[in-house]
$ cat start_32.pdb   # PDB, C-alpha atoms and all ligand atoms
MODEL        1
ATOM      1  CA  MET J   1     -52.364  57.686 231.778  1.00  0.00           C
ATOM      2  CA  ARG J   2     -56.061  58.109 232.471  1.00  0.00           C
ATOM      3  CA  GLY J   3     -55.256  61.518 234.035  1.00  0.00           C
ATOM      4  CA  MET J   4     -53.409  62.568 230.864  1.00  0.00           C
ATOM      5  CA  HIS J   5     -56.398  61.532 228.671  1.00  0.00           C
ATOM      6  CA  ARG J   6     -58.685  63.535 230.906  1.00  0.00           C
ATOM      7  CA  LYS J   7     -56.365  66.541 230.540  1.00  0.00           C
ATOM      8  CA  ILE J   8     -56.283  66.198 226.714  1.00  0.00           C
ATOM      9  CA  ASN J   9     -60.086  65.888 226.613  1.00  0.00           C
ATOM     10  CA  PHE J  10     -60.371  69.004 228.764  1.00  0.00           C
ATOM     11  CA  ILE J  11     -58.043  70.952 226.425  1.00  0.00           C
ATOM     12  CA  THR J  12     -59.990  69.687 223.350  1.00  0.00           C
ATOM     13  CA  MET J  13     -63.217  70.814 224.985  1.00  0.00           C
ATOM     14  CA  LYS J  14     -61.765  74.282 225.669  1.00  0.00           C
ATOM     15  CA  ILE J  15     -60.622  74.580 222.017  1.00  0.00           C
ATOM     16  CA  LEU J  16     -64.114  73.562 220.840  1.00  0.00           C
ATOM     17  CA  ILE J  17     -65.810  76.130 223.085  1.00  0.00           C
ATOM     18  CA  PHE J  18     -63.391  78.855 221.939  1.00  0.00           C
ATOM     19  CA  THR J  19     -63.963  77.978 218.235  1.00  0.00           C
ATOM     20  CA  THR J  20     -67.740  77.999 218.722  1.00  0.00           C
ATOM     21  CA  LEU J  21     -67.605  81.404 220.422  1.00  0.00           C
ATOM     22  CA  LEU J  22     -65.329  82.775 217.693  1.00  0.00           C
ATOM     23  CA  LEU J  23     -67.649  81.518 214.923  1.00  0.00           C
ATOM     24  CA  ALA J  24     -70.670  82.983 216.731  1.00  0.00           C
ATOM     25  CA  LEU J  25     -68.882  86.322 216.950  1.00  0.00           C
ATOM     26  CA  LEU J  26     -67.839  86.275 213.285  1.00  0.00           C
ATOM     27  CA  SER J  27     -71.347  85.336 212.120  1.00  0.00           C
ATOM     28  CA  ASN J  28     -72.522  88.414 214.011  1.00  0.00           C
ATOM     29  CA  GLU J  29     -70.766  90.794 211.624  1.00  0.00           C
ATOM     30  CA  ALA J  30     -72.409  94.055 210.685  1.00  0.00           C
ATOM     31  CA  GLN J  31     -75.671  93.396 208.922  1.00  0.00           C
ATOM     32  CA  CYS J  32     -77.587  96.583 209.517  1.00  0.00           C
ATOM     33  CA  ARG J  33     -75.164  99.068 208.000  1.00  0.00           C
ATOM     34  CA  PRO J  34     -72.663  99.241 205.132  1.00  0.00           C
ATOM     35  CA  PRO J  35     -69.039  98.239 205.919  1.00  0.00           C
ATOM     36  CA  ASN J  36     -66.519 100.827 207.114  1.00  0.00           C
ATOM     37  CA  GLU J  37     -64.293 102.561 204.598  1.00  0.00           C
ATOM     38  CA  LEU J  38     -60.900 104.105 205.285  1.00  0.00           C
ATOM     39  CA  ASN J  39     -61.136 107.893 205.310  1.00  0.00           C
ATOM     40  CA  GLU J  40     -58.244 108.717 202.951  1.00  0.00           C
ATOM     41  CA  SER J  41     -58.010 112.387 203.850  1.00  0.00           C
ATOM     42  CA  THR J  42     -57.328 111.729 207.534  1.00  0.00           C
ATOM     43  CA  GLN J  43     -56.233 108.058 207.517  1.00  0.00           C
ATOM     44  CA  THR J  44     -58.800 107.312 210.199  1.00  0.00           C
ATOM     45  CA  PHE J  45     -61.049 104.329 209.901  1.00  0.00           C
ATOM     46  CA  TYR J  46     -64.400 105.639 211.028  1.00  0.00           C
ATOM     47  CA  LYS J  47     -65.665 108.630 209.128  1.00  0.00           C
ATOM     48  CA  GLN J  48     -68.703 110.707 209.844  1.00  0.00           C
ATOM     49  CA  ILE J  49     -71.666 109.988 207.572  1.00  0.00           C
ATOM     50  CA  VAL J  50     -72.640 112.595 205.005  1.00  0.00           C
ATOM     51  CA  LEU J  51     -76.223 113.762 205.405  1.00  0.00           C
ATOM     52  CA  PRO J  52     -78.417 112.901 202.400  1.00  0.00           C
ATOM     53  CA  TYR J  53     -80.373 116.156 202.959  1.00  0.00           C
ATOM     54  CA  ALA J  54     -79.648 119.820 203.804  1.00  0.00           C
ATOM     55  CA  LEU J  55     -79.257 120.936 207.423  1.00  0.00           C
ATOM     56  CA  ASP J  56     -82.567 122.817 207.282  1.00  0.00           C
ATOM     57  CA  ALA J  57     -84.433 120.105 205.351  1.00  0.00           C
ATOM     58  CA  LEU J  58     -86.094 118.581 208.428  1.00  0.00           C
ATOM     59  CA  GLU J  59     -87.616 121.862 209.624  1.00  0.00           C
ATOM     60  CA  PRO J  60     -89.898 122.499 211.406  1.00  0.00           C
ATOM     61  CA  VAL J  61     -89.593 119.081 213.117  1.00  0.00           C
ATOM     62  CA  ILE J  62     -85.825 119.536 213.696  1.00  0.00           C
ATOM     63  CA  SER J  63     -84.391 123.044 213.219  1.00  0.00           C
ATOM     64  CA  ARG J  64     -81.259 123.922 211.297  1.00  0.00           C
ATOM     65  CA  ARG J  65     -79.641 125.131 214.547  1.00  0.00           C
ATOM     66  CA  THR J  66     -80.267 121.788 216.267  1.00  0.00           C
ATOM     67  CA  MET J  67     -78.827 119.970 213.239  1.00  0.00           C
ATOM     68  CA  GLU J  68     -75.747 122.229 213.223  1.00  0.00           C
ATOM     69  CA  LEU J  69     -75.038 121.302 216.826  1.00  0.00           C
ATOM     70  CA  HIS J  70     -76.262 117.697 216.854  1.00  0.00           C
ATOM     71  CA  TYR J  71     -74.721 116.562 213.557  1.00  0.00           C
ATOM     72  CA  GLY J  72     -71.964 119.193 213.300  1.00  0.00           C
ATOM     73  CA  LYS J  73     -70.675 119.179 216.889  1.00  0.00           C
ATOM     74  CA  HIS J  74     -71.957 116.210 218.921  1.00  0.00           C
ATOM     75  CA  LEU J  75     -71.608 113.498 216.261  1.00  0.00           C
ATOM     76  CA  THR J  76     -68.273 114.923 215.069  1.00  0.00           C
ATOM     77  CA  ALA J  77     -66.945 114.698 218.644  1.00  0.00           C
ATOM     78  CA  TYR J  78     -68.125 111.074 219.010  1.00  0.00           C
ATOM     79  CA  VAL J  79     -66.423 110.048 215.737  1.00  0.00           C
ATOM     80  CA  ASP J  80     -63.189 111.892 216.646  1.00  0.00           C
ATOM     81  CA  ASN J  81     -63.141 110.298 220.113  1.00  0.00           C
ATOM     82  CA  LEU J  82     -63.813 106.850 218.629  1.00  0.00           C
ATOM     83  CA  ASN J  83     -60.883 107.170 216.216  1.00  0.00           C
ATOM     84  CA  ARG J  84     -58.593 108.424 218.987  1.00  0.00           C
ATOM     85  CA  LEU J  85     -59.596 105.807 221.580  1.00  0.00           C
ATOM     86  CA  ILE J  86     -59.493 102.775 219.288  1.00  0.00           C
ATOM     87  CA  LYS J  87     -55.979 103.442 218.005  1.00  0.00           C
ATOM     88  CA  GLY J  88     -53.621 100.643 219.047  1.00  0.00           C
ATOM     89  CA  THR J  89     -56.349  98.496 220.612  1.00  0.00           C
ATOM     90  CA  ALA J  90     -57.289  94.977 219.498  1.00  0.00           C
ATOM     91  CA  LEU J  91     -60.514  96.388 218.029  1.00  0.00           C
ATOM     92  CA  GLU J  92     -58.811  98.801 215.613  1.00  0.00           C
ATOM     93  CA  GLY J  93     -60.135  98.149 212.099  1.00  0.00           C
ATOM     94  CA  GLU J  94     -63.208  96.212 213.288  1.00  0.00           C
ATOM     95  CA  GLU J  95     -66.629  96.916 211.828  1.00  0.00           C
ATOM     96  CA  LEU J  96     -68.375  99.539 213.932  1.00  0.00           C
ATOM     97  CA  GLU J  97     -71.165  97.181 215.054  1.00  0.00           C
ATOM     98  CA  ASN J  98     -68.563  94.690 216.292  1.00  0.00           C
ATOM     99  CA  VAL J  99     -66.766  97.439 218.229  1.00  0.00           C
ATOM    100  CA  VAL J 100     -70.071  98.320 219.930  1.00  0.00           C
ATOM    101  CA  LEU J 101     -70.587  94.632 220.662  1.00  0.00           C
ATOM    102  CA  MET J 102     -67.154  94.065 222.225  1.00  0.00           C
ATOM    103  CA  ALA J 103     -65.900  97.397 223.652  1.00  0.00           C
ATOM    104  CA  GLU J 104     -66.325  98.704 227.179  1.00  0.00           C
ATOM    105  CA  GLY J 105     -65.919 102.070 228.904  1.00  0.00           C
ATOM    106  CA  PRO J 106     -65.273 105.301 226.941  1.00  0.00           C
ATOM    107  CA  LEU J 107     -64.610 103.369 223.710  1.00  0.00           C
ATOM    108  CA  LEU J 108     -68.058 101.757 223.969  1.00  0.00           C
ATOM    109  CA  ASP J 109     -69.649 105.146 224.763  1.00  0.00           C
ATOM    110  CA  ASN J 110     -68.192 106.796 221.654  1.00  0.00           C
ATOM    111  CA  ALA J 111     -68.559 103.821 219.287  1.00  0.00           C
ATOM    112  CA  GLY J 112     -72.158 103.386 220.467  1.00  0.00           C
ATOM    113  CA  GLN J 113     -72.981 107.032 219.914  1.00  0.00           C
ATOM    114  CA  THR J 114     -71.332 106.988 216.467  1.00  0.00           C
ATOM    115  CA  LEU J 115     -73.461 104.005 215.435  1.00  0.00           C
ATOM    116  CA  ASN J 116     -76.603 105.422 217.085  1.00  0.00           C
ATOM    117  CA  HIS J 117     -76.340 108.788 215.318  1.00  0.00           C
ATOM    118  CA  GLU J 118     -75.464 107.211 211.976  1.00  0.00           C
ATOM    119  CA  LEU J 119     -78.676 105.172 212.132  1.00  0.00           C
ATOM    120  CA  TYR J 120     -80.601 108.186 213.486  1.00  0.00           C
ATOM    121  CA  PHE J 121     -79.703 110.747 210.824  1.00  0.00           C
ATOM    122  CA  LEU J 122     -80.089 108.258 207.960  1.00  0.00           C
ATOM    123  CA  GLN J 123     -83.578 107.198 209.084  1.00  0.00           C
ATOM    124  CA  PHE J 124     -85.042 110.661 208.434  1.00  0.00           C
ATOM    125  CA  SER J 125     -86.081 112.369 205.232  1.00  0.00           C
ATOM    126  CA  PRO J 126     -87.826 115.652 204.371  1.00  0.00           C
ATOM    127  CA  ASP J 127     -90.165 113.418 202.325  1.00  0.00           C
ATOM    128  CA  GLY J 128     -90.742 111.067 205.271  1.00  0.00           C
ATOM    129  CA  GLY J 129     -93.823 110.337 207.314  1.00  0.00           C
ATOM    130  CA  GLY J 130     -96.788 108.073 206.739  1.00  0.00           C
ATOM    131  CA  GLU J 131     -96.678 104.466 207.843  1.00  0.00           C
ATOM    132  CA  PRO J 132     -94.583 101.371 207.120  1.00  0.00           C
ATOM    133  CA  THR J 133     -95.704  98.838 204.539  1.00  0.00           C
ATOM    134  CA  GLY J 134     -95.148  95.171 203.701  1.00  0.00           C
ATOM    135  CA  LYS J 135     -93.383  92.725 205.970  1.00  0.00           C
ATOM    136  CA  LEU J 136     -92.501  95.314 208.640  1.00  0.00           C
ATOM    137  CA  ARG J 137     -96.094  96.528 208.846  1.00  0.00           C
ATOM    138  CA  ARG J 138     -97.345  92.963 209.237  1.00  0.00           C
ATOM    139  CA  ALA J 139     -94.820  92.243 212.026  1.00  0.00           C
ATOM    140  CA  MET J 140     -95.739  95.507 213.768  1.00  0.00           C
ATOM    141  CA  THR J 141     -99.469  94.793 213.585  1.00  0.00           C
ATOM    142  CA  HIS J 142     -98.845  91.259 214.864  1.00  0.00           C
ATOM    143  CA  ARG J 143     -96.872  92.593 217.856  1.00  0.00           C
ATOM    144  CA  TRP J 144     -98.845  95.720 218.851  1.00  0.00           C
ATOM    145  CA  GLY J 145    -102.218  95.303 217.134  1.00  0.00           C
ATOM    146  CA  SER J 146    -101.790  98.376 214.904  1.00  0.00           C
ATOM    147  CA  VAL J 147     -99.162 100.818 213.651  1.00  0.00           C
ATOM    148  CA  GLU J 148    -100.819 103.523 215.760  1.00  0.00           C
ATOM    149  CA  ASN J 149    -100.423 101.389 218.909  1.00  0.00           C
ATOM    150  CA  PHE J 150     -96.752 100.852 218.059  1.00  0.00           C
ATOM    151  CA  MET J 151     -96.190 104.613 217.682  1.00  0.00           C
ATOM    152  CA  THR J 152     -97.898 105.292 221.012  1.00  0.00           C
ATOM    153  CA  ALA J 153     -95.752 102.632 222.734  1.00  0.00           C
ATOM    154  CA  MET J 154     -92.544 104.036 221.183  1.00  0.00           C
ATOM    155  CA  GLU J 155     -93.413 107.574 222.305  1.00  0.00           C
ATOM    156  CA  GLU J 156     -94.246 106.323 225.797  1.00  0.00           C
ATOM    157  CA  ALA J 157     -90.908 104.490 226.040  1.00  0.00           C
ATOM    158  CA  GLY J 158     -89.115 107.693 224.996  1.00  0.00           C
ATOM    159  CA  ARG J 159     -91.088 109.869 227.389  1.00  0.00           C
ATOM    160  CA  THR J 160     -90.468 107.616 230.384  1.00  0.00           C
ATOM    161  CA  LEU J 161     -86.759 106.952 229.871  1.00  0.00           C
ATOM    162  CA  PHE J 162     -85.066 108.633 232.829  1.00  0.00           C
ATOM    163  CA  GLY J 163     -82.061 110.760 231.902  1.00  0.00           C
ATOM    164  CA  SER J 164     -80.129 110.489 228.631  1.00  0.00           C
ATOM    165  CA  GLY J 165     -80.557 107.594 226.259  1.00  0.00           C
ATOM    166  CA  TRP J 166     -82.347 106.125 223.266  1.00  0.00           C
ATOM    167  CA  VAL J 167     -85.544 104.303 222.484  1.00  0.00           C
ATOM    168  CA  TRP J 168     -85.267 101.720 219.717  1.00  0.00           C
ATOM    169  CA  LEU J 169     -87.424  99.587 217.509  1.00  0.00           C
ATOM    170  CA  ALA J 170     -85.306  96.461 217.028  1.00  0.00           C
ATOM    171  CA  ALA J 171     -85.689  92.991 215.529  1.00  0.00           C
ATOM    172  CA  ASP J 172     -84.297  89.570 216.345  1.00  0.00           C
ATOM    173  CA  ARG J 173     -83.151  87.038 213.734  1.00  0.00           C
ATOM    174  CA  GLY J 174     -86.665  85.581 213.627  1.00  0.00           C
ATOM    175  CA  GLY J 175     -88.130  88.965 212.635  1.00  0.00           C
ATOM    176  CA  ASN J 176     -89.808  89.545 216.013  1.00  0.00           C
ATOM    177  CA  LEU J 177     -89.987  93.212 216.995  1.00  0.00           C
ATOM    178  CA  TYR J 178     -89.125  94.911 220.290  1.00  0.00           C
ATOM    179  CA  ILE J 179     -89.198  98.428 221.734  1.00  0.00           C
ATOM    180  CA  LEU J 180     -86.150  98.980 223.929  1.00  0.00           C
ATOM    181  CA  GLN J 181     -84.991 101.730 226.233  1.00  0.00           C
ATOM    182  CA  GLU J 182     -81.202 102.023 226.161  1.00  0.00           C
ATOM    183  CA  GLU J 183     -79.272 104.212 228.591  1.00  0.00           C
ATOM    184  CA  ASN J 184     -76.618 106.679 227.412  1.00  0.00           C
ATOM    185  CA  GLY J 185     -74.957 105.418 224.205  1.00  0.00           C
ATOM    186  CA  LEU J 186     -75.990 101.762 224.206  1.00  0.00           C
ATOM    187  CA  ASN J 187     -77.444 100.111 221.108  1.00  0.00           C
ATOM    188  CA  PRO J 188     -79.552  96.939 220.595  1.00  0.00           C
ATOM    189  CA  VAL J 189     -76.588  95.219 218.875  1.00  0.00           C
ATOM    190  CA  ARG J 190     -75.323  94.617 222.446  1.00  0.00           C
ATOM    191  CA  ARG J 191     -78.352  92.332 222.874  1.00  0.00           C
ATOM    192  CA  GLU J 192     -77.700  90.745 219.443  1.00  0.00           C
ATOM    193  CA  LEU J 193     -80.728  92.554 218.019  1.00  0.00           C
ATOM    194  CA  CYS J 194     -80.810  94.610 214.814  1.00  0.00           C
ATOM    195  CA  PRO J 195     -81.616  98.319 215.387  1.00  0.00           C
ATOM    196  CA  LEU J 196     -84.304  99.519 212.955  1.00  0.00           C
ATOM    197  CA  LEU J 197     -85.435 102.934 214.210  1.00  0.00           C
ATOM    198  CA  GLY J 198     -83.919 104.988 217.038  1.00  0.00           C
ATOM    199  CA  PHE J 199     -85.225 108.098 218.796  1.00  0.00           C
ATOM    200  CA  ASP J 200     -82.539 110.088 220.578  1.00  0.00           C
ATOM    201  CA  VAL J 201     -83.805 111.390 223.921  1.00  0.00           C
ATOM    202  CA  TRP J 202     -80.621 113.163 224.969  1.00  0.00           C
ATOM    203  CA  GLU J 203     -81.568 116.792 225.556  1.00  0.00           C
ATOM    204  CA  HIS J 204     -79.186 117.935 222.792  1.00  0.00           C
ATOM    205  CA  ALA J 205     -81.590 116.289 220.300  1.00  0.00           C
ATOM    206  CA  TYR J 206     -84.595 118.480 221.127  1.00  0.00           C
ATOM    207  CA  TYR J 207     -84.059 121.108 223.818  1.00  0.00           C
ATOM    208  CA  LEU J 208     -83.440 124.085 221.490  1.00  0.00           C
ATOM    209  CA  ASP J 209     -86.665 123.397 219.585  1.00  0.00           C
ATOM    210  CA  TYR J 210     -88.959 121.880 222.224  1.00  0.00           C
ATOM    211  CA  GLU J 211     -87.327 122.886 225.549  1.00  0.00           C
ATOM    212  CA  ASN J 212     -88.572 120.360 228.155  1.00  0.00           C
ATOM    213  CA  ARG J 213     -91.419 119.011 225.956  1.00  0.00           C
ATOM    214  CA  ARG J 214     -89.756 115.726 225.031  1.00  0.00           C
ATOM    215  CA  GLY J 215     -93.139 114.118 224.278  1.00  0.00           C
ATOM    216  CA  ASP J 216     -94.001 116.793 221.672  1.00  0.00           C
ATOM    217  CA  HIS J 217     -90.647 116.213 219.977  1.00  0.00           C
ATOM    218  CA  LEU J 218     -91.171 112.441 219.869  1.00  0.00           C
ATOM    219  CA  LYS J 219     -94.660 112.842 218.412  1.00  0.00           C
ATOM    220  CA  ALA J 220     -93.353 115.226 215.718  1.00  0.00           C
ATOM    221  CA  LEU J 221     -90.596 112.801 214.624  1.00  0.00           C
ATOM    222  CA  TRP J 222     -93.128 110.556 212.837  1.00  0.00           C
ATOM    223  CA  GLN J 223     -93.454 113.297 210.184  1.00  0.00           C
ATOM    224  CA  ILE J 224     -89.864 112.722 209.021  1.00  0.00           C
ATOM    225  CA  VAL J 225     -89.328 108.949 209.464  1.00  0.00           C
ATOM    226  CA  ASN J 226     -88.071 107.465 206.221  1.00  0.00           C
ATOM    227  CA  TRP J 227     -90.008 104.176 206.363  1.00  0.00           C
ATOM    228  CA  PRO J 228     -88.417 102.666 203.212  1.00  0.00           C
ATOM    229  CA  GLU J 229     -85.018 102.936 204.981  1.00  0.00           C
ATOM    230  CA  VAL J 230     -86.412 101.333 208.175  1.00  0.00           C
ATOM    231  CA  GLU J 231     -88.000  98.570 206.055  1.00  0.00           C
ATOM    232  CA  ARG J 232     -84.656  98.008 204.285  1.00  0.00           C
ATOM    233  CA  ARG J 233     -82.952  97.490 207.660  1.00  0.00           C
ATOM    234  CA  TYR J 234     -85.665  95.002 208.617  1.00  0.00           C
ATOM    235  CA  GLU J 235     -85.348  93.118 205.316  1.00  0.00           C
ATOM    236  CA  ASN J 236     -81.523  92.937 205.721  1.00  0.00           C
ATOM    237  CA  ASN J 237     -81.757  91.665 209.291  1.00  0.00           C
TER
HETATM  238 FE    FE P 301     -77.649 112.751 219.969  1.00  0.00          FE
ENDMDL
END
$ encode --input "start_32.pdb" --output "structure tokens"
Amino acid sequence: MRGMHRKINFITMKILIFTTLLLALLSNEAQCRPPNELNESTQTFYKQIVLPYALDALEPVISRRTMELHYGKHLTAYVDNLNRLIKGTALEGEELENVVLMAEGPLLDNAGQTLNHELYFLQFSPDGGGEPTGKLRRAMTHRWGSVENFMTAMEEAGRTLFGSGWVWLAADRGGNLYILQEENGLNPVRRELCPLLGFDVWEHAYYLDYENRRGDHLKALWQIVNWPEVERRYENN
């Protein structure tokens, strides 16, 4: 009898742990981006973002030719692969951030790169540049001493990342800021952090315009950062 009680208690404990994990996962739903919408023309769930500016609008920081390839070829391939790979899996229909959180292998690679590039292209503007204001500026100054120090640290993280990947400014639920180096297509959502600003250091992002001068490219990106968009992501975190 005592053995049976022990068994029931063990099962109850397992149910409690499972429920807690499930609730934690659900409470982690996409917060940093708008929800997915079904693409009615193709009946696929994840559709490529529409750029809010012309392909040549970010020149001379990013050329039209780089945008044609980066947005028009690389991102399109990631979105197509994501839609193909997720079909019939348990993650089909999930919010993109949750797919990045839970997927592995090629599905993670392509979901991660879809999310990364969505955040990347939407964080730039031909009217960008300057410095952040308000709450984000205060948090940045608290963490790095000044906005200039933050920018130097972000550039350094991008310059020293070996191989292909991303450097991110990300925030935790408490509003604390971090600079992260992520390999390949990974994103800070895998660490339960909210991605605020991402610099792509795959060669396809800069090689046509800057050849091997990755540092020059990173330094130039500050001219097109749309700080109000980055601040909005921080506020919504
Ligand atoms: Fe890229």
$ closest_residue --input "start_32.pdb" --among "J:Met154, J:Ile49, J:Leu196, J:Met67" --to "Pro228 (chain J)" --atoms "all atoms listed in the file"
J:Leu196
$ atom_distance --input "start_32.pdb" --atom1 "CA of Phe162 (chain J)" --atom2 "CA of Trp202 (chain J)"
10.1 Å
$ residues_near_ligand --input "start_32.pdb" --ligand "ligand FE 301 (chain P)" --cutoff "9 Å" --atoms "only C-alpha atoms and all ligand atoms" --output "list in words"
His70, Tyr71, His74, Leu75, Gln113, Asn116, His117, Tyr120, Gly165, Trp166, Gly185, Phe199, Asp200, Val201, Trp202, Glu203, His204 and Ala205 of chain J
$ residues_near_point --input "start_32.pdb" --point "(-89.1, 88.3, 211.2)" --cutoff "10 Å" --atoms "only C-alpha atoms" --output "list in words"
Lys135, Leu136, Arg138, Ala139, Ala171, Asp172, Arg173, Gly174, Gly175, Asn176, Leu177, Tyr234, Glu235 and Asn237 of chain J
$ atom_distance --input "start_32.pdb" --atom1 "CA of Tyr206 (chain J)" --atom2 "CA of Ile62 (chain J)"
7.6 Å
$ atom_distance --input "start_32.pdb" --atom1 "CA of His217 (chain J)" --atom2 "CA of Val50 (chain J)"
23.7 Å
$ residues_near_point --input "start_32.pdb" --point "(-65.3, 94.7, 224.7)" --cutoff "12 Å" --atoms "only C-alpha atoms" --output "JSON, numbers by chain"
{"J": [25, 86, 89, 90, 91, 92, 94, 97, 98, 99, 100, 101, 102, 103, 104, 105, 106, 107, 108, 109, 111, 112, 190]}
$ write_last_selection --input "start_32.pdb" --atoms "C-alpha atoms" --output "PDB file, in the coordinates of the input"
ATOM      1  CA  LEU J  25     -68.882  86.322 216.950  1.00  0.00           C
ATOM      2  CA  ILE J  86     -59.493 102.775 219.288  1.00  0.00           C
ATOM      3  CA  THR J  89     -56.349  98.496 220.612  1.00  0.00           C
ATOM      4  CA  ALA J  90     -57.289  94.977 219.498  1.00  0.00           C
ATOM      5  CA  LEU J  91     -60.514  96.388 218.029  1.00  0.00           C
ATOM      6  CA  GLU J  92     -58.811  98.801 215.613  1.00  0.00           C
ATOM      7  CA  GLU J  94     -63.208  96.212 213.288  1.00  0.00           C
ATOM      8  CA  GLU J  97     -71.165  97.181 215.054  1.00  0.00           C
ATOM      9  CA  ASN J  98     -68.563  94.690 216.292  1.00  0.00           C
ATOM     10  CA  VAL J  99     -66.766  97.439 218.229  1.00  0.00           C
ATOM     11  CA  VAL J 100     -70.071  98.320 219.930  1.00  0.00           C
ATOM     12  CA  LEU J 101     -70.587  94.632 220.662  1.00  0.00           C
ATOM     13  CA  MET J 102     -67.154  94.065 222.225  1.00  0.00           C
ATOM     14  CA  ALA J 103     -65.900  97.397 223.652  1.00  0.00           C
ATOM     15  CA  GLU J 104     -66.325  98.704 227.179  1.00  0.00           C
ATOM     16  CA  GLY J 105     -65.919 102.070 228.904  1.00  0.00           C
ATOM     17  CA  PRO J 106     -65.273 105.301 226.941  1.00  0.00           C
ATOM     18  CA  LEU J 107     -64.610 103.369 223.710  1.00  0.00           C
ATOM     19  CA  LEU J 108     -68.058 101.757 223.969  1.00  0.00           C
ATOM     20  CA  ASP J 109     -69.649 105.146 224.763  1.00  0.00           C
ATOM     21  CA  ALA J 111     -68.559 103.821 219.287  1.00  0.00           C
ATOM     22  CA  GLY J 112     -72.158 103.386 220.467  1.00  0.00           C
ATOM     23  CA  ARG J 190     -75.323  94.617 222.446  1.00  0.00           C
TER      24      ARG J 190
END
$ residues_around --input "start_32.pdb" --residues "Asn83 (chain J)" --least-positions-apart "6" --cutoff "10 Å" --atoms "all atoms listed in the file" --output "VMD selection string"
chain J and resid 43 to 47 77 92 to 93 107 110 to 111
$ residues_around --input "start_32.pdb" --residues "Gly130 (chain J)" --least-positions-apart "3" --cutoff "10 Å" --atoms "only C-alpha atoms" --output "PyMOL selection string"
chain J and resi 127+133+222-227
$ build_atoms --input "start_32.pdb" --residues "region 123-134 of chain J" --atoms "N, CA and C atoms" --output "PDB file, keeping the file's coordinate frame"
ATOM      1  N   GLN J 123     -82.206 107.723 209.067  1.00  0.00           N
ATOM      2  CA  GLN J 123     -83.578 107.198 209.084  1.00  0.00           C
ATOM      3  C   GLN J 123     -84.612 108.305 208.838  1.00  0.00           C
ATOM      4  N   PHE J 124     -84.127 109.543 208.660  1.00  0.00           N
ATOM      5  CA  PHE J 124     -85.042 110.661 208.434  1.00  0.00           C
ATOM      6  C   PHE J 124     -84.964 111.151 206.992  1.00  0.00           C
ATOM      7  N   SER J 125     -86.047 111.786 206.567  1.00  0.00           N
ATOM      8  CA  SER J 125     -86.081 112.369 205.232  1.00  0.00           C
ATOM      9  C   SER J 125     -87.103 113.497 205.230  1.00  0.00           C
ATOM     10  N   PRO J 126     -86.813 114.591 204.484  1.00  0.00           N
ATOM     11  CA  PRO J 126     -87.826 115.652 204.371  1.00  0.00           C
ATOM     12  C   PRO J 126     -89.098 115.139 203.690  1.00  0.00           C
ATOM     13  N   ASP J 127     -88.985 114.022 202.973  1.00  0.00           N
ATOM     14  CA  ASP J 127     -90.165 113.418 202.325  1.00  0.00           C
ATOM     15  C   ASP J 127     -90.723 112.262 203.158  1.00  0.00           C
ATOM     16  N   GLY J 128     -90.321 112.191 204.426  1.00  0.00           N
ATOM     17  CA  GLY J 128     -90.742 111.067 205.271  1.00  0.00           C
ATOM     18  C   GLY J 128     -92.164 111.207 205.781  1.00  0.00           C
ATOM     19  N   GLY J 129     -92.476 110.330 206.730  1.00  0.00           N
ATOM     20  CA  GLY J 129     -93.823 110.337 207.314  1.00  0.00           C
ATOM     21  C   GLY J 129     -94.646 109.170 206.817  1.00  0.00           C
ATOM     22  N   GLY J 130     -95.912 109.182 207.139  1.00  0.00           N
ATOM     23  CA  GLY J 130     -96.788 108.073 206.739  1.00  0.00           C
ATOM     24  C   GLY J 130     -96.583 106.872 207.626  1.00  0.00           C
ATOM     25  N   GLU J 131     -96.757 105.702 207.053  1.00  0.00           N
ATOM     26  CA  GLU J 131     -96.678 104.466 207.843  1.00  0.00           C
ATOM     27  C   GLU J 131     -95.868 103.413 207.091  1.00  0.00           C
ATOM     28  N   PRO J 132     -95.332 102.439 207.799  1.00  0.00           N
ATOM     29  CA  PRO J 132     -94.583 101.371 207.120  1.00  0.00           C
ATOM     30  C   PRO J 132     -95.512 100.481 206.300  1.00  0.00           C
ATOM     31  N   THR J 133     -94.910  99.755 205.377  1.00  0.00           N
ATOM     32  CA  THR J 133     -95.704  98.838 204.539  1.00  0.00           C
ATOM     33  C   THR J 133     -95.091  97.434 204.619  1.00  0.00           C
ATOM     34  N   GLY J 134     -95.713  96.508 203.916  1.00  0.00           N
ATOM     35  CA  GLY J 134     -95.148  95.171 203.701  1.00  0.00           C
ATOM     36  C   GLY J 134     -94.898  94.368 204.965  1.00  0.00           C
TER      37      GLY J 134
END
